[in-house]
$ cat work.cif   # mmCIF, C-alpha atoms
data_upload
loop_
_atom_site.label_atom_id
_atom_site.label_comp_id
_atom_site.auth_asym_id
_atom_site.auth_seq_id
_atom_site.Cartn_x
_atom_site.Cartn_y
_atom_site.Cartn_z
CA MET A 1 1.76 -20.98 -2.66
CA LYS A 2 2.05 -18.03 -5.00
CA PHE A 3 -0.60 -15.38 -4.54
CA THR A 4 -1.41 -11.96 -5.86
CA ARG A 5 -2.60 -8.89 -3.95
CA PHE A 6 -5.32 -6.82 -5.58
CA CYS A 7 -5.20 -3.23 -4.37
CA THR A 8 -6.92 -0.03 -5.41
CA LEU A 9 -4.98 3.22 -5.09
CA PHE A 10 -6.80 6.49 -4.66
CA VAL A 11 -5.08 9.72 -5.59
CA ALA A 12 -6.27 13.12 -4.40
CA ALA A 13 -4.42 16.38 -4.23
CA ALA A 14 -5.84 17.32 -0.86
CA PHE A 15 -4.68 14.21 0.99
CA TYR A 16 -1.76 11.89 1.42
CA LEU A 17 -3.51 8.56 0.98
CA SER A 18 -3.01 4.90 1.58
CA PHE A 19 -4.67 1.94 -0.14
CA SER A 20 -8.42 1.62 0.19
CA GLY A 21 -8.22 -2.13 0.52
CA CYS A 22 -5.92 -5.11 -0.10
CA ARG A 23 -6.86 -8.77 -0.39
CA ASP A 24 -5.04 -12.04 -1.00
CA GLU A 25 -6.78 -14.04 -3.72
CA ASN A 26 -6.85 -16.98 -1.28
CA ASP A 27 -7.93 -14.89 1.68
CA ASP A 28 -11.40 -13.48 2.21
CA THR A 29 -10.18 -10.89 4.75
CA THR A 30 -10.27 -7.32 3.49
CA PHE A 31 -8.30 -4.58 5.23
CA ILE A 32 -10.12 -1.31 4.86
CA ILE A 33 -8.25 1.97 5.24
CA ASP A 34 -10.16 5.25 5.09
CA PRO A 35 -9.21 6.77 1.72
CA THR A 36 -9.55 10.28 3.16
CA GLU A 37 -7.18 9.68 6.06
CA THR A 38 -4.22 12.05 6.15
CA THR A 39 -0.78 10.59 6.73
CA VAL A 40 2.54 12.30 7.35
CA PRO A 41 4.18 13.13 4.00
CA ASP A 42 7.60 11.68 3.25
CA ASN A 43 9.26 15.11 3.13
CA ALA A 44 8.05 16.15 6.59
CA VAL A 45 10.67 16.72 9.29
CA ASP A 46 9.70 14.82 12.45
CA LEU A 47 10.36 17.39 15.18
CA SER A 48 9.64 14.85 17.94
CA ALA A 49 11.80 12.03 16.57
CA ASN A 50 14.37 12.26 19.37
CA GLU A 51 12.39 13.98 22.12
CA THR A 52 8.95 15.46 22.59
CA ALA A 53 8.44 18.93 24.04
CA ASN A 54 5.97 21.82 24.28
CA CYS A 55 8.01 23.93 21.87
CA TYR A 56 9.79 23.14 18.63
CA ILE A 57 12.20 25.26 16.59
CA VAL A 58 11.16 25.12 12.93
CA LYS A 59 12.98 26.39 9.86
CA PRO A 60 10.85 28.62 7.63
CA GLY A 61 9.51 27.13 4.41
CA THR A 62 9.39 23.54 5.65
CA THR A 63 6.87 20.79 6.24
CA VAL A 64 7.08 19.42 9.76
CA ALA A 65 5.29 16.89 11.93
CA PHE A 66 5.30 16.11 15.63
CA SER A 67 3.66 13.65 17.99
CA THR A 68 0.44 14.67 19.72
CA ALA A 69 0.18 11.48 21.77
CA PHE A 70 1.56 12.72 25.07
CA LYS A 71 1.72 15.87 27.15
CA GLY A 72 4.90 17.92 26.91
CA ASN A 73 7.97 15.72 27.16
CA SER A 74 6.08 12.93 28.93
CA THR A 75 6.02 9.42 27.48
CA THR A 76 3.14 8.27 29.68
CA GLU A 77 0.64 11.12 30.17
CA SER A 78 -1.76 10.91 27.24
CA THR A 79 -3.25 14.01 25.67
CA GLY A 80 -6.53 12.12 25.25
CA ALA A 81 -8.75 11.35 22.28
CA VAL A 82 -7.29 13.67 19.66
CA THR A 83 -9.35 13.93 16.45
CA GLY A 84 -7.83 17.00 14.84
CA CYS A 85 -5.27 19.80 14.93
CA ARG A 86 -5.58 23.51 14.21
CA LEU A 87 -3.72 26.79 14.41
CA LEU A 88 -4.69 28.85 17.46
CA TRP A 89 -2.64 31.92 16.62
CA THR A 90 0.38 33.25 14.79
CA ASP A 91 2.15 36.59 15.21
CA ASN A 92 2.99 36.82 11.50
CA ASN A 93 0.15 36.58 8.98
CA GLY A 94 0.99 33.88 6.44
CA LEU A 95 3.49 32.15 8.71
CA ILE A 96 1.43 28.94 8.76
CA LYS A 97 0.07 27.73 5.41
CA ASP A 98 -1.82 24.66 6.61
CA VAL A 99 -2.31 22.32 9.57
CA LYS A 100 -3.59 18.74 9.45
CA TYR A 101 -3.81 15.73 11.73
CA ALA A 102 -2.62 12.22 10.86
CA PRO A 103 -4.75 9.98 13.13
CA GLY A 104 -3.03 6.73 12.28
CA GLN A 105 0.33 8.18 13.33
CA ARG A 106 -1.08 10.48 16.01
CA MET A 107 0.88 13.40 14.61
CA ALA A 108 0.26 17.01 13.69
CA ILE A 109 1.45 18.13 10.26
CA VAL A 110 2.29 21.79 9.65
CA TRP A 111 3.24 23.54 6.43
CA THR A 112 5.12 26.81 7.04
CA GLY A 113 5.64 29.81 4.77
CA GLU A 114 8.93 31.55 4.02
CA LEU A 115 8.53 33.76 7.10
CA SER A 116 9.74 33.86 10.69
CA GLY A 117 7.61 34.17 13.79
CA ASN A 118 5.72 32.26 16.44
CA ALA A 119 2.61 30.12 16.34
CA VAL A 120 0.61 27.84 18.61
CA ILE A 121 -0.90 24.59 17.32
CA ALA A 122 -3.67 22.82 19.25
CA ALA A 123 -4.72 19.16 19.31
CA THR A 124 -8.50 19.00 19.60
CA ASP A 125 -11.19 16.46 20.46
CA ALA A 126 -14.34 15.67 18.48
CA ASP A 127 -16.06 18.78 19.89
CA GLY A 128 -13.19 21.08 18.98
CA ASN A 129 -11.92 21.46 22.55
CA THR A 130 -8.18 21.95 23.00
CA LEU A 131 -6.55 18.92 24.65
CA TRP A 132 -2.96 20.19 24.47
CA SER A 133 -1.02 22.79 22.50
CA TRP A 134 2.49 23.37 21.18
CA HIS A 135 4.54 26.48 20.46
CA LEU A 136 6.28 26.55 17.06
CA TRP A 137 9.24 28.94 17.11
CA ILE A 138 9.79 29.43 13.38
CA THR A 139 13.25 30.79 12.74
CA ASP A 140 16.65 29.97 11.20
CA TYR A 141 18.14 30.18 14.69
CA ASP A 142 20.39 27.29 15.75
CA PRO A 143 20.72 27.48 19.55
CA ASP A 144 23.77 25.21 19.63
CA ALA A 145 25.73 27.53 17.33
CA SER A 146 25.68 30.46 19.76
CA ALA A 147 25.08 28.89 23.18
CA TYR A 148 26.87 30.45 26.14
CA THR A 149 28.34 28.41 29.01
CA THR A 150 28.65 30.34 32.25
CA PRO A 151 31.72 30.45 34.46
CA ALA A 152 31.58 27.90 37.27
CA ALA A 153 29.62 29.10 40.30
CA SER A 154 30.94 28.75 43.84
CA SER A 155 29.26 25.33 43.90
CA GLY A 156 31.06 24.33 40.71
CA THR A 157 27.89 24.35 38.63
CA THR A 158 27.80 25.76 35.11
CA TRP A 159 24.76 26.41 32.92
CA THR A 160 24.71 26.59 29.11
CA PHE A 161 22.22 29.23 28.00
CA MET A 162 20.60 30.08 24.71
CA ASP A 163 21.70 33.53 23.53
CA ARG A 164 18.11 34.83 23.39
CA ASN A 165 14.72 34.60 25.08
CA LEU A 166 12.27 31.92 24.01
CA GLY A 167 10.45 33.08 20.89
CA ALA A 168 12.89 35.88 20.03
CA MET A 169 13.78 36.43 16.37
CA SER A 170 17.18 37.99 17.06
CA ALA A 171 19.87 38.49 19.70
CA THR A 172 21.19 41.72 18.14
CA PRO A 173 20.41 44.75 20.35
CA ALA A 174 19.67 47.02 17.38
CA ASP A 175 16.83 44.70 16.35
CA GLY A 176 14.79 46.05 19.25
CA PHE A 177 11.49 44.33 19.86
CA ARG A 178 12.53 41.36 17.68
CA THR A 179 14.82 40.39 20.58
CA HIS A 180 12.00 40.27 23.13
CA GLY A 181 10.26 36.99 22.32
CA MET A 182 7.54 35.47 24.46
CA VAL A 183 6.53 35.90 28.10
CA TYR A 184 5.12 33.24 30.43
CA GLN A 185 3.24 32.99 33.68
CA TRP A 186 5.41 31.12 36.17
CA GLY A 187 4.97 27.38 35.71
CA ARG A 188 2.89 27.54 32.50
CA LYS A 189 3.88 26.13 29.12
CA ASP A 190 1.85 28.69 27.19
CA PRO A 191 3.60 31.59 25.40
CA PHE A 192 2.22 35.12 25.19
CA PRO A 193 3.87 37.76 22.98
CA ALA A 194 5.92 40.29 24.94
CA PRO A 195 5.08 43.99 24.50
CA ASN A 196 5.77 45.20 20.96
CA GLY A 197 5.79 48.90 21.74
CA PRO A 198 5.39 51.47 24.52
CA THR A 199 2.29 51.15 26.68
CA GLN A 200 0.22 53.27 28.98
CA MET A 201 -2.04 51.74 31.59
CA ASP A 202 -4.39 53.14 34.20
CA GLU A 203 -4.48 52.12 37.84
CA ASN A 204 -6.60 49.10 36.90
CA TYR A 205 -4.00 47.93 34.36
CA ASN A 206 -6.19 48.76 31.37
CA TYR A 207 -4.74 50.49 28.30
CA ILE A 208 -5.16 54.22 27.77
CA ASN A 209 -4.34 56.63 24.91
CA GLY A 210 -4.34 53.73 22.46
CA MET A 211 -0.91 52.58 23.67
CA ASP A 212 -1.37 48.86 24.17
CA GLY A 213 1.93 47.37 22.95
CA GLU A 214 0.02 44.34 21.68
CA THR A 215 1.39 42.21 18.85
CA PRO A 216 -1.41 41.53 16.33
CA LEU A 217 -2.30 37.85 16.24
CA PHE A 218 -3.92 35.99 13.35
CA ASP A 219 -5.68 32.72 12.68
CA ILE A 220 -5.17 30.46 9.66
CA GLU A 221 -7.56 32.50 7.52
CA GLY A 222 -5.75 35.78 8.18
CA PRO A 223 -8.18 38.03 10.11
CA PRO A 224 -6.77 39.57 13.32
CA LEU A 225 -7.73 37.89 16.57
CA PRO A 226 -8.91 39.67 19.73
CA THR A 227 -6.16 41.11 21.92
CA LEU A 228 -4.89 38.89 24.69
CA LEU A 229 -5.98 41.48 27.25
CA SER A 230 -9.57 41.09 26.06
CA LEU A 231 -9.30 37.30 26.44
CA ALA A 232 -7.85 37.39 29.97
CA GLU A 233 -9.82 35.82 32.80
CA TYR A 234 -9.57 35.32 36.54
CA HIS A 235 -9.47 32.20 38.73
CA GLY A 236 -7.31 29.93 36.64
CA THR A 237 -6.62 26.24 37.09
CA ILE A 238 -4.19 23.83 35.45
CA ALA A 239 -7.08 22.25 33.52
CA LYS A 240 -8.29 25.65 32.31
CA SER A 241 -4.81 26.65 31.17
CA ILE A 242 -4.50 23.48 29.08
CA ALA A 243 -7.91 24.00 27.49
CA ASN A 244 -7.37 27.74 26.95
CA PRO A 245 -3.72 28.42 26.08
CA MET A 246 -4.55 31.92 24.81
CA THR A 247 -6.10 32.91 28.13
CA PHE A 248 -3.93 34.83 30.58
CA TYR A 249 -5.20 34.01 34.08
CA ALA A 250 -4.88 37.21 36.05
CA MET A 251 -5.34 37.76 39.77
CA THR A 252 -7.27 40.44 41.57
CA TYR A 253 -6.47 42.26 44.77
CA THR A 254 -8.43 44.29 47.28
CA HIS A 255 -7.09 47.24 49.27
CA THR A 256 -8.21 46.88 52.90
CA GLY A 257 -6.92 50.22 54.17
CA GLU A 258 -5.49 48.36 57.18
CA MET A 259 -1.78 48.30 58.03
CA ASP A 260 0.36 45.40 59.18
CA GLU A 261 3.02 45.52 61.91
CA TYR A 262 5.56 46.91 59.43
CA GLY A 263 3.33 49.80 58.38
CA GLU A 264 2.47 48.21 55.03
CA GLU A 265 -1.10 48.17 53.79
CA ILE A 266 -2.73 44.75 53.96
CA VAL A 267 -3.81 43.76 50.46
CA ILE A 268 -5.90 40.66 49.85
CA ASN A 269 -5.03 38.72 46.72
CA ASP A 270 -7.43 36.48 44.86
CA PRO A 271 -6.17 33.76 44.78
CA VAL A 272 -4.60 34.51 48.14
CA THR A 273 -1.31 33.05 46.89
CA GLY A 274 -1.06 35.59 44.05
CA ASP A 275 -0.71 32.63 41.69
CA TRP A 276 -2.52 32.25 38.36
CA THR A 277 -3.84 28.85 39.44
CA ASP A 278 -5.88 27.90 42.48
CA GLN A 279 -3.63 24.91 43.23
CA SER A 280 -0.01 26.08 43.42
CA ASP A 281 2.80 23.64 42.65
CA ASP A 282 6.46 24.49 43.31
CA ASP A 283 7.62 21.92 40.75
CA LEU A 284 5.69 23.06 37.66
CA TRP A 285 9.00 23.98 36.01
CA GLY A 286 11.20 21.40 37.76
CA GLY A 287 12.37 23.64 40.58
CA GLU A 288 11.96 20.86 43.16
CA SER A 289 12.80 17.76 41.14
CA GLY A 290 15.49 19.36 39.00
CA LYS A 291 14.00 17.60 35.98
CA LYS A 292 12.29 18.98 32.90
CA SER A 293 8.56 18.92 33.54
CA ILE A 294 5.58 18.33 31.24
CA TYR A 295 4.81 22.07 31.55
CA ASP A 296 8.30 23.21 30.57
CA PRO A 297 8.00 25.63 27.60
CA CYS A 298 11.44 24.91 26.08
CA PRO A 299 12.37 22.95 22.92
CA PRO A 300 13.91 19.46 22.93
CA GLY A 301 17.33 19.42 24.59
CA TRP A 302 16.61 22.59 26.58
CA LYS A 303 14.72 23.46 29.75
CA VAL A 304 13.84 26.27 32.14
CA PRO A 305 16.89 27.00 34.34
CA VAL A 306 16.65 26.21 38.04
CA SER A 307 18.91 26.70 41.02
CA ASP A 308 21.39 23.90 41.69
CA ALA A 309 21.35 21.52 44.64
CA SER A 310 23.35 24.03 46.67
CA GLY A 311 20.79 26.75 46.10
CA VAL A 312 22.98 28.74 43.71
CA THR A 313 20.79 30.45 41.12
CA PRO A 314 21.38 29.98 37.37
CA TYR A 315 21.96 33.74 37.10
CA ASP A 316 24.65 33.85 39.78
CA TRP A 317 27.23 34.62 37.08
CA MET A 318 25.56 37.89 36.09
CA LYS A 319 27.05 40.85 37.98
CA PHE A 320 26.05 44.50 37.99
CA ALA A 321 29.72 45.58 37.92
CA SER A 322 30.28 43.58 34.71
CA MET A 323 27.14 44.85 32.96
CA THR A 324 26.84 47.58 30.34
CA TRP A 325 23.47 49.24 29.90
CA ASP A 326 22.38 50.08 26.34
CA ASN A 327 20.08 53.07 26.74
CA THR A 328 19.24 53.24 23.02
CA ASN A 329 18.04 49.66 22.72
CA MET A 330 17.00 49.36 26.38
CA GLY A 331 18.77 46.35 27.76
CA ALA A 332 21.93 45.03 29.39
CA ILE A 333 25.02 43.33 27.97
CA GLN A 334 27.43 41.04 29.79
CA ASP A 335 30.01 38.71 28.25
CA GLY A 336 28.55 39.49 24.83
CA GLN A 337 25.07 38.30 25.86
CA TRP A 338 22.09 40.60 25.24
CA PHE A 339 19.33 40.87 27.85
CA PRO A 340 16.52 43.16 26.67
CA ALA A 341 14.29 44.99 29.10
CA CYS A 342 11.22 43.67 27.35
CA GLY A 343 8.50 44.51 29.84
CA THR A 344 5.90 42.15 31.24
CA ARG A 345 2.28 41.14 31.06
CA ALA A 346 0.72 42.53 34.21
CA TYR A 347 -0.42 39.98 36.79
CA ALA A 348 -3.60 41.96 37.50
CA SER A 349 -4.90 42.11 33.92
CA GLY A 350 -2.74 40.25 31.39
CA GLY A 351 -2.08 43.50 29.55
CA CYS A 352 1.31 44.51 28.18
CA ASP A 353 3.45 46.76 30.39
CA PHE A 354 6.43 48.39 28.67
CA GLN A 355 7.47 51.68 30.21
CA GLN A 356 9.76 53.29 27.67
CA ALA A 357 10.94 55.97 30.08
CA ASN A 358 12.07 53.34 32.60
CA ALA A 359 12.18 50.08 30.68
CA TYR A 360 12.42 46.92 32.72
CA GLY A 361 11.90 43.21 32.39
CA GLY A 362 12.64 39.91 34.03
CA MET A 363 13.63 36.37 33.17
CA TRP A 364 11.88 33.70 35.19
CA PHE A 365 13.65 30.61 36.43
CA GLY A 366 11.92 27.55 37.80
CA THR A 367 12.88 27.79 41.47
CA LYS A 368 10.26 29.03 43.90
CA GLY A 369 10.78 32.33 45.70
CA LYS A 370 10.99 32.49 49.47
CA ALA A 371 7.57 32.97 51.05
CA ALA A 372 6.68 34.23 54.51
CA SER A 373 7.22 31.85 57.40
CA ASP A 374 3.55 32.25 58.36
CA LEU A 375 1.44 31.65 55.26
CA SER A 376 -1.75 32.14 57.23
CA LEU A 377 -0.85 35.82 57.61
CA TYR A 378 1.11 36.31 54.38
CA PRO A 379 0.02 33.59 51.94
CA THR A 380 1.65 34.98 48.78
CA LEU A 381 3.80 32.48 46.85
CA TYR A 382 6.49 33.57 44.43
CA GLY A 383 8.64 32.59 41.51
CA GLN A 384 12.19 33.89 41.12
CA TYR A 385 13.53 35.95 38.24
CA MET A 386 16.56 37.93 37.13
CA PHE A 387 15.74 41.64 37.07
CA ILE A 388 16.66 43.67 33.98
CA ILE A 389 16.43 47.43 34.57
CA ASN A 390 18.73 50.44 34.31
CA GLY A 391 20.20 50.87 37.78
CA LYS A 392 21.81 49.01 40.63
CA ARG A 393 18.91 46.58 40.76
CA THR A 394 20.00 45.23 37.36
CA PHE A 395 21.26 41.65 37.55
CA LYS A 396 19.72 41.12 40.96
CA VAL A 397 17.65 38.01 41.55
CA ASN A 398 14.20 39.00 42.71
CA LYS A 399 10.81 37.39 43.24
CA ASP A 400 7.32 38.18 41.99
CA LYS A 401 3.80 36.82 41.98
CA ARG A 402 3.50 33.72 39.82
CA SER A 403 0.68 35.28 37.82
CA GLN A 404 3.08 37.83 36.33
CA GLY A 405 4.11 37.32 32.69
CA MET A 406 7.90 37.45 32.12
CA SER A 407 10.53 36.12 29.74
CA VAL A 408 12.30 32.76 29.87
CA ARG A 409 15.81 31.95 28.65
CA ALA A 410 16.49 28.25 28.27
CA VAL A 411 19.50 26.24 29.41
CA ARG A 412 20.75 22.97 27.98
CA ASP A 413 19.07 19.94 29.53
CA ILE A 414 21.87 17.65 30.68
#
$ encode --input "work.cif" --output "C-alpha cells"
Amino acid sequence: MKFTRFCTLFVAAAFYLSFSGCRDENDDTTFIIDPTETTVPDNAVDLSANETANCYIVKPGTTVAFSTAFKGNSTTESTGAVTGCRLLWTDNNGLIKDVKYAPGQRMAIVWTGELSGNAVIAATDADGNTLWSWHLWITDYDPDASAYTTPAASSGTTWTFMDRNLGAMSATPADGFRTHGMVYQWGRKDPFPAPNGPTQMDENYNYINGMDGETPLFDIEGPPLPTLLSLAEYHGTIAKSIANPMTFYAMTYTHTGEMDEYGEEIVINDPVTGDWTDQSDDDLWGGESGKKSIYDPCPPGWKVPVSDASGVTPYDWMKFASMTWDNTNMGAIQDGQWFPACGTRAYASGGCDFQQANAYGGMWFGTKGKAASDLSLYPTLYGQYMFIINGKRTFKVNKDKRSQGMSVRAVRDI
C-alpha cells in the first residue's frame, strides 16, 4: 500500500535539528523528537571514531565531536547520566568558541578558533556536577610524522615516543615554554599547565615576590579563572579527582624532629603514602597490567610508557654520555630529541616550581617506584620518572612521591 509521510521541519540557527514529528497516513503512531535537541553536525570530525581516550589532538579552526558515554578508553565503564557539556578551562582565550552536548548521540561537540592551546571539556549531570572530563590538545602537530623509535634495549624492547611532552605546542628548543606542555600527578588523567615562567616559593611552597609561573586560564566567556594553586586541596580520592579535574590534590607533611637509624629526620606524610589519593593503585597508568588504563592521559593510539616485562625502563636508551645540555633554553638533547627542564607542580601545594638558576624537570612513566621493604616504618609509595637537570643526574631514572606534578611523554600503544 502506498502511503505518505507528513513531517514538519523546524529550522533554527542555534541548533542542529531533526523532525518534530512524522506520521504515516495509515498509522496513528506519532514519533516525537524534541525540536531543540542538538545533534552532531555533518561537518564535525568524530575524534572517537576509532578509539576513545582522555585526550584528543584537534586541529585549530575545526568542529569536532567525541563520545561521552564511557570513561577514558573503556567500552564498559559508563560516565553516568550525562545531560550537558561545558568548557572547564583553556590556556588561550578564544581557543574554544562553543561547546554543546548531543544527547541522542551521547557526544560532545566543540567548535575551535584559529588558535593553538589546551582545553578541558567536562560532561555534566543535571546538577552541573562533572562526571568525566577530556583534554583537547589543539595543535597542527601530527605525532606520527615525527615519532622516534628507540634503539632496542638489552631485553630487545623498543618504544616509539612522541617528540614532545603531552600538551606541548612545539618541540623546538628555542620556543622555550611552548615546549613544556602539561604536568600530571602520577596515575591521574587530568592535565595541569607546567610553569610558564620563573617562580619563587617560600618554605611552605607558596609564591613570593609575585613570581608564580602560572599560565592564565580562561572559561568560555573569557574572564581569567583562579590560579590552580588557589584551587588546590588536600586528601584526594579517585572520585574527587574525577569530579574536580582542576583541583591539584596536594599532600602535607609534619617534621617530627626525631631521627631514624640512618640519621634522617622522620617526616610524617599525610597521606602516609605521599600519594595524592587515599587509596593507592600501582596500575593507574598500566604499570602492572601493561595495558592502557581508563586514567591514561594520552590520545588514541598512544599511552603512558611503562617498563617492559623484564623490568627495563622505557628511558633505558637515554644516556648521560650521549646528552647535550642546552643552557640557553634549559633542557637536554639526545638523538635529535628535545627534553625541556620544565619544572614541576609541587606535591605539597600544587604551585608551580621552576628554578631558572637550576632548572629541572621530570617525565613520569607508569611503573611504580621501589618502596621500602617495611611499609609500616616507611610507608611512602613512589612513581618513577626520568630526571632532566644539568649535571650527572641527567638521564637517570629516579622516583618521587605520586602527588608530584611532572610531565608525560607518550609512546605508541601497540
$ atom_distance --input "work.cif" --atom1 "CA of Thr38 in chain A" --atom2 "CA of Asp98 in chain A"
12.8 Å
$ residues_around --input "work.cif" --residues "Leu375 in chain A" --least-positions-apart "6" --cutoff "12 Å" --atoms "only C-alpha atoms" --output "list in words"
Val272, Thr273 and Leu381 of chain A
$ closest_residue --input "work.cif" --among "A:Ser116, A:Ser146, A:Thr90, A:Thr247" --to "Pro223 in chain A" --atoms "all atoms listed in the file"
A:Thr90
$ atom_distance --input "work.cif" --atom1 "CA of Val267 in chain A" --atom2 "CA of Gly187 in chain A"
23.7 Å
$ atom_distance --input "work.cif" --atom1 "CA of Ala348 in chain A" --atom2 "CA of Met169 in chain A"
27.9 Å
$ closest_atom_pairs --input "work.cif" --of "range 174-253 of chain A" --to "range 67-88 of chain A" --cutoff "9 Å" --atoms "all atoms listed in the file" --output "CSV"
residue,atom,partner,partner_atom,distance
A:Lys189,CA,A:Gly72,CA,8.6
A:Phe218,CA,A:Leu88,CA,8.3
A:Asp219,CA,A:Leu88,CA,6.2
A:Ile220,CA,A:Leu87,CA,6.2
A:Pro245,CA,A:Leu88,CA,8.7
A:Met246,CA,A:Leu88,CA,8.0
$ closest_residue --input "work.cif" --among "A:Gly362, A:Pro103, A:Pro226, A:Pro271" --to "Thr39 in chain A" --atoms "all atoms listed in the file"
A:Pro103
$ resolve_selection --input "work.cif" --expression "the PyMOL selection byres ((chain A and resi 345) around 8)" --output "ChimeraX atom specification"
/A:183,194-195,343-344,346-347,349-353,404-406
$ resolve_selection --input "work.cif" --expression "the PyMOL selection byres ((chain A and resi 304) around 7)" --output "list of chain:residue names"
A:Trp285, A:Asp296, A:Cys298, A:Lys303, A:Pro305, A:Val306, A:Phe365, A:Gly366, A:Arg409, A:Ala410, A:Val411
$ decode --input "work.cif" --residues "range 271-285 of chain A" --atoms "C-alpha atoms" --output "PDB file, in the first residue's frame"
ATOM      1  CA  PRO A 271      48.501  10.577  53.343  1.00  0.00           C
ATOM      2  CA  VAL A 272      51.251   8.421  54.796  1.00  0.00           C
ATOM      3  CA  THR A 273      51.970   7.051  51.314  1.00  0.00           C
ATOM      4  CA  GLY A 274      52.791  10.505  49.928  1.00  0.00           C
ATOM      5  CA  ASP A 275      50.187   9.834  47.241  1.00  0.00           C
ATOM      6  CA  TRP A 276      47.543  12.315  46.063  1.00  0.00           C
ATOM      7  CA  THR A 277      44.810   9.747  46.727  1.00  0.00           C
ATOM      8  CA  ASP A 278      43.954   7.886  49.904  1.00  0.00           C
ATOM      9  CA  GLN A 279      43.707   4.559  48.054  1.00  0.00           C
ATOM     10  CA  SER A 280      46.918   3.969  46.090  1.00  0.00           C
ATOM     11  CA  ASP A 281      46.851   1.792  42.976  1.00  0.00           C
ATOM     12  CA  ASP A 282      50.035   0.673  41.210  1.00  0.00           C
ATOM     13  CA  ASP A 283      48.154   0.107  37.946  1.00  0.00           C
ATOM     14  CA  LEU A 284      46.529   3.530  37.461  1.00  0.00           C
ATOM     15  CA  TRP A 285      48.703   4.044  34.366  1.00  0.00           C
TER      16      TRP A 285
END
